[in-house]
file input-v4.cif (mmCIF, N, CA and C atoms)
data_my_file
loop_
_atom_site.label_atom_id
_atom_site.label_comp_id
_atom_site.auth_asym_id
_atom_site.auth_seq_id
_atom_site.Cartn_x
_atom_site.Cartn_y
_atom_site.Cartn_z
N MET J 1 147.10 178.34 -43.59
CA MET J 1 145.96 177.96 -42.76
C MET J 1 146.39 178.00 -41.30
N PHE J 2 145.46 178.37 -40.43
CA PHE J 2 145.69 178.42 -38.99
C PHE J 2 144.72 177.44 -38.32
N PRO J 3 145.18 176.21 -38.02
CA PRO J 3 144.33 175.25 -37.30
C PRO J 3 144.39 175.50 -35.79
N LEU J 4 143.26 175.35 -35.16
CA LEU J 4 143.17 175.55 -33.71
C LEU J 4 142.28 174.46 -33.12
N ILE J 5 142.77 173.87 -32.04
CA ILE J 5 141.97 172.92 -31.26
C ILE J 5 141.72 173.58 -29.91
N VAL J 6 140.48 173.60 -29.47
CA VAL J 6 140.14 174.17 -28.17
C VAL J 6 139.46 173.09 -27.35
N THR J 7 139.94 172.89 -26.14
CA THR J 7 139.26 171.98 -25.23
C THR J 7 138.55 172.80 -24.16
N LEU J 8 137.34 172.40 -23.88
CA LEU J 8 136.52 173.03 -22.84
C LEU J 8 136.13 171.97 -21.84
N GLU J 9 136.18 172.31 -20.57
CA GLU J 9 135.68 171.41 -19.54
C GLU J 9 134.66 172.15 -18.70
N ALA J 10 133.44 171.64 -18.71
CA ALA J 10 132.36 172.24 -17.92
C ALA J 10 132.73 172.20 -16.44
N LYS J 11 132.35 173.24 -15.73
CA LYS J 11 132.63 173.29 -14.29
C LYS J 11 131.86 172.20 -13.55
N THR J 12 130.63 171.92 -14.02
CA THR J 12 129.82 170.84 -13.45
C THR J 12 129.11 170.13 -14.60
N GLU J 13 128.68 168.91 -14.38
CA GLU J 13 127.91 168.20 -15.41
C GLU J 13 126.61 168.94 -15.73
N ALA J 14 126.07 169.64 -14.74
CA ALA J 14 124.83 170.39 -14.97
C ALA J 14 125.03 171.54 -15.97
N ASP J 15 126.27 172.01 -16.16
CA ASP J 15 126.56 173.07 -17.13
C ASP J 15 126.64 172.55 -18.56
N ALA J 16 126.83 171.26 -18.74
CA ALA J 16 127.08 170.69 -20.07
C ALA J 16 125.95 170.96 -21.07
N PRO J 17 124.68 170.79 -20.73
CA PRO J 17 123.63 171.05 -21.73
C PRO J 17 123.61 172.50 -22.23
N ALA J 18 123.84 173.45 -21.35
CA ALA J 18 123.86 174.86 -21.76
C ALA J 18 125.05 175.13 -22.68
N ILE J 19 126.18 174.52 -22.39
CA ILE J 19 127.37 174.69 -23.24
C ILE J 19 127.10 174.07 -24.61
N ALA J 20 126.55 172.88 -24.63
CA ALA J 20 126.25 172.21 -25.91
C ALA J 20 125.30 173.06 -26.75
N ASP J 21 124.28 173.61 -26.13
CA ASP J 21 123.33 174.46 -26.85
C ASP J 21 124.02 175.70 -27.41
N ALA J 22 124.84 176.34 -26.60
CA ALA J 22 125.52 177.55 -27.04
C ALA J 22 126.48 177.26 -28.20
N LEU J 23 127.22 176.17 -28.11
CA LEU J 23 128.15 175.82 -29.19
C LEU J 23 127.41 175.51 -30.49
N ALA J 24 126.28 174.84 -30.38
CA ALA J 24 125.48 174.54 -31.57
C ALA J 24 124.99 175.83 -32.23
N ARG J 25 124.62 176.82 -31.43
CA ARG J 25 124.15 178.10 -31.99
C ARG J 25 125.30 178.91 -32.57
N MET J 26 126.51 178.70 -32.06
CA MET J 26 127.67 179.42 -32.57
C MET J 26 128.09 178.96 -33.96
N ARG J 27 127.91 177.68 -34.26
CA ARG J 27 128.46 177.10 -35.48
C ARG J 27 128.10 177.87 -36.75
N PRO J 28 126.82 178.13 -37.02
CA PRO J 28 126.52 178.85 -38.28
C PRO J 28 127.10 180.26 -38.30
N LEU J 29 127.17 180.90 -37.16
CA LEU J 29 127.75 182.24 -37.11
C LEU J 29 129.24 182.19 -37.44
N CYS J 30 129.94 181.22 -36.86
CA CYS J 30 131.38 181.09 -37.12
C CYS J 30 131.65 180.76 -38.58
N LEU J 31 130.89 179.83 -39.11
CA LEU J 31 131.10 179.42 -40.51
C LEU J 31 130.85 180.56 -41.49
N ALA J 32 130.04 181.53 -41.11
CA ALA J 32 129.75 182.67 -41.98
C ALA J 32 130.80 183.78 -41.87
N GLU J 33 131.72 183.66 -40.93
CA GLU J 33 132.72 184.70 -40.72
C GLU J 33 133.81 184.66 -41.80
N PRO J 34 134.37 185.81 -42.13
CA PRO J 34 135.48 185.84 -43.08
C PRO J 34 136.64 184.98 -42.60
N GLY J 35 137.14 184.14 -43.48
CA GLY J 35 138.32 183.34 -43.16
C GLY J 35 138.06 182.04 -42.45
N CYS J 36 136.82 181.75 -42.09
CA CYS J 36 136.52 180.48 -41.41
C CYS J 36 136.39 179.38 -42.45
N LEU J 37 137.27 178.40 -42.37
CA LEU J 37 137.25 177.26 -43.28
C LEU J 37 136.54 176.06 -42.68
N LEU J 38 136.61 175.94 -41.34
CA LEU J 38 136.00 174.81 -40.63
C LEU J 38 135.77 175.23 -39.20
N TRP J 39 134.61 174.87 -38.66
CA TRP J 39 134.34 175.10 -37.25
C TRP J 39 133.40 173.99 -36.79
N GLU J 40 133.94 173.09 -35.99
CA GLU J 40 133.17 171.93 -35.50
C GLU J 40 133.29 171.86 -33.98
N ALA J 41 132.20 171.50 -33.34
CA ALA J 41 132.18 171.30 -31.89
C ALA J 41 131.81 169.84 -31.61
N TYR J 42 132.54 169.23 -30.69
CA TYR J 42 132.32 167.84 -30.32
C TYR J 42 132.10 167.75 -28.82
N HIS J 43 131.23 166.82 -28.42
CA HIS J 43 130.96 166.55 -27.00
C HIS J 43 131.45 165.14 -26.71
N SER J 44 132.34 165.01 -25.77
CA SER J 44 132.95 163.72 -25.45
C SER J 44 131.92 162.72 -24.95
N GLU J 45 132.00 161.51 -25.46
CA GLU J 45 131.18 160.42 -24.93
C GLU J 45 131.84 159.81 -23.69
N ALA J 46 133.15 159.98 -23.56
CA ALA J 46 133.88 159.40 -22.43
C ALA J 46 133.73 160.25 -21.16
N ASP J 47 133.59 161.56 -21.34
CA ASP J 47 133.48 162.47 -20.19
C ASP J 47 132.45 163.54 -20.53
N PRO J 48 131.28 163.52 -19.91
CA PRO J 48 130.21 164.45 -20.27
C PRO J 48 130.53 165.92 -20.01
N LYS J 49 131.61 166.19 -19.31
CA LYS J 49 131.99 167.58 -19.05
C LYS J 49 132.92 168.15 -20.12
N VAL J 50 133.39 167.32 -21.06
CA VAL J 50 134.42 167.74 -22.01
C VAL J 50 133.84 168.00 -23.41
N PHE J 51 134.30 169.11 -23.99
CA PHE J 51 133.97 169.51 -25.36
C PHE J 51 135.27 169.81 -26.09
N VAL J 52 135.27 169.57 -27.38
CA VAL J 52 136.44 169.87 -28.21
C VAL J 52 135.97 170.65 -29.43
N LEU J 53 136.63 171.77 -29.69
CA LEU J 53 136.35 172.57 -30.87
C LEU J 53 137.51 172.38 -31.84
N VAL J 54 137.19 172.16 -33.11
CA VAL J 54 138.19 172.05 -34.16
C VAL J 54 137.91 173.19 -35.14
N GLU J 55 138.88 174.08 -35.26
CA GLU J 55 138.71 175.27 -36.09
C GLU J 55 139.85 175.36 -37.10
N HIS J 56 139.51 175.73 -38.32
CA HIS J 56 140.52 176.03 -39.34
C HIS J 56 140.20 177.42 -39.87
N TRP J 57 141.19 178.28 -39.81
CA TRP J 57 141.05 179.66 -40.28
C TRP J 57 142.06 179.90 -41.39
N GLU J 58 141.73 180.78 -42.31
CA GLU J 58 142.65 181.10 -43.39
C GLU J 58 143.98 181.62 -42.84
N SER J 59 143.93 182.36 -41.73
CA SER J 59 145.13 182.91 -41.13
C SER J 59 144.88 183.18 -39.64
N ARG J 60 145.96 183.39 -38.94
CA ARG J 60 145.84 183.76 -37.53
C ARG J 60 145.07 185.08 -37.39
N ALA J 61 145.28 186.00 -38.33
CA ALA J 61 144.57 187.28 -38.30
C ALA J 61 143.06 187.08 -38.40
N HIS J 62 142.62 186.14 -39.23
CA HIS J 62 141.17 185.85 -39.32
C HIS J 62 140.65 185.32 -37.99
N TRP J 63 141.41 184.43 -37.35
CA TRP J 63 140.99 183.90 -36.05
C TRP J 63 140.94 185.01 -35.01
N GLU J 64 141.93 185.90 -35.02
CA GLU J 64 141.94 187.00 -34.06
C GLU J 64 140.74 187.92 -34.27
N ALA J 65 140.36 188.16 -35.53
CA ALA J 65 139.18 188.98 -35.81
C ALA J 65 137.90 188.30 -35.33
N HIS J 66 137.88 186.98 -35.39
CA HIS J 66 136.75 186.17 -34.92
C HIS J 66 136.38 186.52 -33.48
N GLY J 67 137.38 186.82 -32.67
CA GLY J 67 137.14 187.15 -31.27
C GLY J 67 136.32 188.40 -31.05
N LYS J 68 136.24 189.24 -32.06
CA LYS J 68 135.50 190.50 -31.94
C LYS J 68 134.10 190.42 -32.53
N LEU J 69 133.76 189.27 -33.12
CA LEU J 69 132.49 189.14 -33.83
C LEU J 69 131.40 188.50 -32.96
N ASP J 70 130.18 188.41 -33.51
CA ASP J 70 128.99 188.02 -32.76
C ASP J 70 129.07 186.67 -32.05
N ALA J 71 129.59 185.64 -32.70
CA ALA J 71 129.61 184.32 -32.07
C ALA J 71 130.35 184.35 -30.74
N ILE J 72 131.47 185.03 -30.72
CA ILE J 72 132.26 185.11 -29.49
C ILE J 72 131.63 186.10 -28.51
N GLN J 73 131.30 187.27 -29.00
CA GLN J 73 130.83 188.34 -28.12
C GLN J 73 129.44 188.09 -27.52
N THR J 74 128.53 187.50 -28.31
CA THR J 74 127.15 187.37 -27.82
C THR J 74 126.81 185.98 -27.29
N ILE J 75 127.65 184.97 -27.60
CA ILE J 75 127.36 183.61 -27.12
C ILE J 75 128.50 183.06 -26.27
N TYR J 76 129.70 182.98 -26.85
CA TYR J 76 130.82 182.30 -26.18
C TYR J 76 131.21 182.97 -24.86
N LEU J 77 131.45 184.27 -24.90
CA LEU J 77 131.88 184.95 -23.68
C LEU J 77 130.82 184.94 -22.57
N PRO J 78 129.56 185.27 -22.88
CA PRO J 78 128.58 185.30 -21.79
C PRO J 78 127.99 183.94 -21.40
N GLU J 79 127.96 182.98 -22.34
CA GLU J 79 127.26 181.72 -22.05
C GLU J 79 128.17 180.51 -21.83
N VAL J 80 129.33 180.49 -22.50
CA VAL J 80 130.21 179.32 -22.40
C VAL J 80 131.29 179.51 -21.34
N LEU J 81 132.06 180.58 -21.46
CA LEU J 81 133.21 180.74 -20.55
C LEU J 81 132.86 180.82 -19.07
N PRO J 82 131.71 181.38 -18.68
CA PRO J 82 131.39 181.33 -17.25
C PRO J 82 131.14 179.90 -16.73
N ARG J 83 130.86 178.97 -17.65
CA ARG J 83 130.52 177.60 -17.26
C ARG J 83 131.65 176.59 -17.50
N ALA J 84 132.77 177.05 -18.08
CA ALA J 84 133.80 176.08 -18.49
C ALA J 84 135.20 176.68 -18.39
N SER J 85 136.17 175.79 -18.23
CA SER J 85 137.57 176.20 -18.39
C SER J 85 137.96 175.91 -19.83
N ARG J 86 138.94 176.65 -20.34
CA ARG J 86 139.31 176.59 -21.75
C ARG J 86 140.80 176.44 -21.90
N ALA J 87 141.21 175.62 -22.86
CA ALA J 87 142.61 175.52 -23.26
C ALA J 87 142.66 175.56 -24.78
N GLY J 88 143.36 176.54 -25.32
CA GLY J 88 143.50 176.65 -26.76
C GLY J 88 144.83 176.06 -27.22
N HIS J 89 144.79 175.37 -28.33
CA HIS J 89 145.97 174.71 -28.85
C HIS J 89 146.15 175.02 -30.35
N PRO J 90 146.83 176.15 -30.68
CA PRO J 90 147.18 176.32 -32.10
C PRO J 90 147.98 175.10 -32.51
N SER J 91 147.69 174.55 -33.67
CA SER J 91 148.22 173.25 -34.02
C SER J 91 148.73 173.21 -35.45
N VAL J 92 149.46 172.16 -35.74
CA VAL J 92 149.93 171.87 -37.10
C VAL J 92 149.41 170.50 -37.46
N ARG J 93 148.74 170.41 -38.60
CA ARG J 93 148.21 169.12 -39.05
C ARG J 93 149.38 168.24 -39.52
N LEU J 94 149.41 167.03 -39.05
CA LEU J 94 150.47 166.10 -39.41
C LEU J 94 150.14 165.36 -40.69
N GLY J 95 151.15 164.90 -41.38
CA GLY J 95 150.95 164.09 -42.57
C GLY J 95 150.53 164.85 -43.79
N VAL J 96 150.82 166.14 -43.81
CA VAL J 96 150.43 166.95 -44.97
C VAL J 96 151.66 167.29 -45.77
#
call {"tool": "encode", "arguments": {"input": "input-v4.cif", "output": "structure tokens"}}
result
Amino acid sequence: MFPLIVTLEAKTEADAPAIADALARMRPLCLAEPGCLLWEAYHSEADPKVFVLVEHWESRAHWEAHGKLDAIQTIYLPEVLPRASRAGHPSVRLGV
């Protein structure tokens, strides 16, 4: 399994609603992709500009293929990234 945590920070608070909408529309597309085991988006209650994505992929190759598919190409790249900074964190789940 390839777990990934992504943090997004909206450039302005005014960008947050558009980011939230885009992430909500991405979820069903991501979950339908080959190798996607989990794809969740969270909006911080402590900081309205912060979002966290929790993704589990069968493999790193599945995640890399994800970048070429509709959710990324038609929503994430044109609607999210212009409004936010991104930090990706490939991760290892503890206690397993």
call {"tool": "closest_residue", "arguments": {"input": "input-v4.cif", "among": "J:His62, J:Arg27, J:Lys68, J:Arg93", "to": "Ala41 of chain J", "atoms": "all atoms listed in the file"}}
result
J:Arg27
call {"tool": "atom_distance", "arguments": {"input": "input-v4.cif", "atom1": "atom C of Arg86 of chain J", "atom2": "atom CA of Glu9 of chain J"}}
result
7.6 Å
call {"tool": "resolve_selection", "arguments": {"input": "input-v4.cif", "expression": "the PyMOL selection byres ((chain J and resi 90) around 8)", "output": "count of residues only"}}
result
11
call {"tool": "closest_residue", "arguments": {"input": "input-v4.cif", "among": "J:Thr7, J:Ala20, J:Ala14, J:Ala84", "to": "Glu55 of chain J", "atoms": "only C-alpha atoms"}}
result
J:Thr7
call {"tool": "closest_residue", "arguments": {"input": "input-v4.cif", "among": "J:Cys36, J:Leu8, J:Leu31, J:Leu94", "to": "Trp63 of chain J", "atoms": "all atoms listed in the file"}}
result
J:Cys36
call {"tool": "axis_aligned_box", "arguments": {"input": "input-v4.cif", "around": "segment 79-84 of chain J", "padding_each_side": "8 Å", "output": "lines of an AutoDock Vina configuration file"}}
result
center_x = 131.2
center_y = 179.5
center_z = -19.6
size_x = 23.9
size_y = 22.9
size_z = 21.8
call {"tool": "resolve_selection", "arguments": {"input": "input-v4.cif", "expression": "the PyMOL selection byres (((chain J and resi 22 and name CA) around 8) and name CA)", "output": "PyMOL selection string"}}
result
chain J and resi 18-21+23-26+75-76+79-80
call {"tool": "select_by_dssp", "arguments": {"input": "input-v4.cif", "residues": "chain J", "states": "strand (DSSP E or B)", "output": "JSON, numbers by chain"}}
result
{"J": [2, 3, 4, 5, 6, 7, 8, 9, 10, 36, 37, 38, 39, 40, 41, 42, 43, 50, 51, 52, 53, 54, 55, 56, 57, 84, 85, 86, 87, 88, 89, 90]}
call {"tool": "closest_residue", "arguments": {"input": "input-v4.cif", "among": "J:Cys30, J:Leu38, J:Ala16, J:Val54", "to": "His66 of chain J", "atoms": "all atoms listed in the file"}}
result
J:Cys30
call {"tool": "resolve_selection", "arguments": {"input": "input-v4.cif", "expression": "the PyMOL selection byres ((chain J and resi 48) around 8)", "output": "PDB file with N, CA and C atoms, in the frame of the given file"}}
result
ATOM      1  N   GLU J   9     136.180 172.310 -20.570  1.00  0.00           N
ATOM      2  CA  GLU J   9     135.680 171.410 -19.540  1.00  0.00           C
ATOM      3  C   GLU J   9     134.660 172.150 -18.700  1.00  0.00           C
ATOM      4  N   ALA J  10     133.440 171.640 -18.710  1.00  0.00           N
ATOM      5  CA  ALA J  10     132.360 172.240 -17.920  1.00  0.00           C
ATOM      6  C   ALA J  10     132.730 172.200 -16.440  1.00  0.00           C
ATOM      7  N   THR J  12     130.630 171.920 -14.020  1.00  0.00           N
ATOM      8  CA  THR J  12     129.820 170.840 -13.450  1.00  0.00           C
ATOM      9  C   THR J  12     129.110 170.130 -14.600  1.00  0.00           C
ATOM     10  N   GLU J  13     128.680 168.910 -14.380  1.00  0.00           N
ATOM     11  CA  GLU J  13     127.910 168.200 -15.410  1.00  0.00           C
ATOM     12  C   GLU J  13     126.610 168.940 -15.730  1.00  0.00           C
ATOM     13  N   ALA J  14     126.070 169.640 -14.740  1.00  0.00           N
ATOM     14  CA  ALA J  14     124.830 170.390 -14.970  1.00  0.00           C
ATOM     15  C   ALA J  14     125.030 171.540 -15.970  1.00  0.00           C
ATOM     16  N   ASP J  15     126.270 172.010 -16.160  1.00  0.00           N
ATOM     17  CA  ASP J  15     126.560 173.070 -17.130  1.00  0.00           C
ATOM     18  C   ASP J  15     126.640 172.550 -18.560  1.00  0.00           C
ATOM     19  N   ALA J  16     126.830 171.260 -18.740  1.00  0.00           N
ATOM     20  CA  ALA J  16     127.080 170.690 -20.070  1.00  0.00           C
ATOM     21  C   ALA J  16     125.950 170.960 -21.070  1.00  0.00           C
ATOM     22  N   PRO J  17     124.680 170.790 -20.730  1.00  0.00           N
ATOM     23  CA  PRO J  17     123.630 171.050 -21.730  1.00  0.00           C
ATOM     24  C   PRO J  17     123.610 172.500 -22.230  1.00  0.00           C
ATOM     25  N   HIS J  43     131.230 166.820 -28.420  1.00  0.00           N
ATOM     26  CA  HIS J  43     130.960 166.550 -27.000  1.00  0.00           C
ATOM     27  C   HIS J  43     131.450 165.140 -26.710  1.00  0.00           C
ATOM     28  N   SER J  44     132.340 165.010 -25.770  1.00  0.00           N
ATOM     29  CA  SER J  44     132.950 163.720 -25.450  1.00  0.00           C
ATOM     30  C   SER J  44     131.920 162.720 -24.950  1.00  0.00           C
ATOM     31  N   GLU J  45     132.000 161.510 -25.460  1.00  0.00           N
ATOM     32  CA  GLU J  45     131.180 160.420 -24.930  1.00  0.00           C
ATOM     33  C   GLU J  45     131.840 159.810 -23.690  1.00  0.00           C
ATOM     34  N   ALA J  46     133.150 159.980 -23.560  1.00  0.00           N
ATOM     35  CA  ALA J  46     133.880 159.400 -22.430  1.00  0.00           C
ATOM     36  C   ALA J  46     133.730 160.250 -21.160  1.00  0.00           C
ATOM     37  N   ASP J  47     133.590 161.560 -21.340  1.00  0.00           N
ATOM     38  CA  ASP J  47     133.480 162.470 -20.190  1.00  0.00           C
ATOM     39  C   ASP J  47     132.450 163.540 -20.530  1.00  0.00           C
ATOM     40  N   LYS J  49     131.610 166.190 -19.310  1.00  0.00           N
ATOM     41  CA  LYS J  49     131.990 167.580 -19.050  1.00  0.00           C
ATOM     42  C   LYS J  49     132.920 168.150 -20.120  1.00  0.00           C
ATOM     43  N   VAL J  50     133.390 167.320 -21.060  1.00  0.00           N
ATOM     44  CA  VAL J  50     134.420 167.740 -22.010  1.00  0.00           C
ATOM     45  C   VAL J  50     133.840 168.000 -23.410  1.00  0.00           C
ATOM     46  N   PHE J  51     134.300 169.110 -23.990  1.00  0.00           N
ATOM     47  CA  PHE J  51     133.970 169.510 -25.360  1.00  0.00           C
ATOM     48  C   PHE J  51     135.270 169.810 -26.090  1.00  0.00           C
TER      49      PHE J  51
END
call {"tool": "atom_distance", "arguments": {"input": "input-v4.cif", "atom1": "atom C of Ala71 of chain J", "atom2": "atom CA of Glu33 of chain J"}}
result
10.3 Å
call {"tool": "atom_distance", "arguments": {"input": "input-v4.cif", "atom1": "atom N of Leu81 of chain J", "atom2": "atom N of Ala32 of chain J"}}
result
19.8 Å
call {"tool": "decode", "arguments": {"input": "input-v4.cif", "residues": "segment 46-57 of chain J", "atoms": "N, CA and C atoms", "output": "PDB file, in the first residue's frame"}}
result
ATOM      1  N   ALA J  46      -9.645  24.599  12.572  1.00  0.00           N
ATOM      2  CA  ALA J  46      -8.741  25.529  13.256  1.00  0.00           C
ATOM      3  C   ALA J  46      -8.245  26.639  12.334  1.00  0.00           C
ATOM      4  N   ASP J  47      -8.120  26.330  11.046  1.00  0.00           N
ATOM      5  CA  ASP J  47      -7.618  27.308  10.077  1.00  0.00           C
ATOM      6  C   ASP J  47      -8.409  27.144   8.788  1.00  0.00           C
ATOM      7  N   PRO J  48      -9.269  28.093   8.446  1.00  0.00           N
ATOM      8  CA  PRO J  48     -10.142  27.938   7.277  1.00  0.00           C
ATOM      9  C   PRO J  48      -9.407  27.870   5.943  1.00  0.00           C
ATOM     10  N   LYS J  49      -8.119  28.165   5.934  1.00  0.00           N
ATOM     11  CA  LYS J  49      -7.352  28.085   4.691  1.00  0.00           C
ATOM     12  C   LYS J  49      -6.722  26.711   4.466  1.00  0.00           C
ATOM     13  N   VAL J  50      -6.811  25.811   5.452  1.00  0.00           N
ATOM     14  CA  VAL J  50      -6.088  24.533   5.383  1.00  0.00           C
ATOM     15  C   VAL J  50      -7.014  23.363   5.059  1.00  0.00           C
ATOM     16  N   PHE J  51      -6.531  22.510   4.158  1.00  0.00           N
ATOM     17  CA  PHE J  51      -7.188  21.269   3.765  1.00  0.00           C
ATOM     18  C   PHE J  51      -6.175  20.140   3.877  1.00  0.00           C
ATOM     19  N   VAL J  52      -6.656  18.957   4.189  1.00  0.00           N
ATOM     20  CA  VAL J  52      -5.795  17.778   4.273  1.00  0.00           C
ATOM     21  C   VAL J  52      -6.442  16.662   3.460  1.00  0.00           C
ATOM     22  N   LEU J  53      -5.658  16.049   2.585  1.00  0.00           N
ATOM     23  CA  LEU J  53      -6.107  14.903   1.815  1.00  0.00           C
ATOM     24  C   LEU J  53      -5.420  13.670   2.370  1.00  0.00           C
ATOM     25  N   VAL J  54      -6.190  12.603   2.573  1.00  0.00           N
ATOM     26  CA  VAL J  54      -5.652  11.320   3.013  1.00  0.00           C
ATOM     27  C   VAL J  54      -5.960  10.326   1.905  1.00  0.00           C
ATOM     28  N   GLU J  55      -4.897   9.783   1.324  1.00  0.00           N
ATOM     29  CA  GLU J  55      -5.045   8.885   0.186  1.00  0.00           C
ATOM     30  C   GLU J  55      -4.320   7.574   0.471  1.00  0.00           C
ATOM     31  N   HIS J  56      -4.940   6.474   0.097  1.00  0.00           N
ATOM     32  CA  HIS J  56      -4.293   5.158   0.148  1.00  0.00           C
ATOM     33  C   HIS J  56      -4.425   4.554  -1.243  1.00  0.00           C
ATOM     34  N   TRP J  57      -3.293   4.187  -1.802  1.00  0.00           N
ATOM     35  CA  TRP J  57      -3.240   3.583  -3.127  1.00  0.00           C
ATOM     36  C   TRP J  57      -2.630   2.197  -3.016  1.00  0.00           C
TER      37      TRP J  57
END
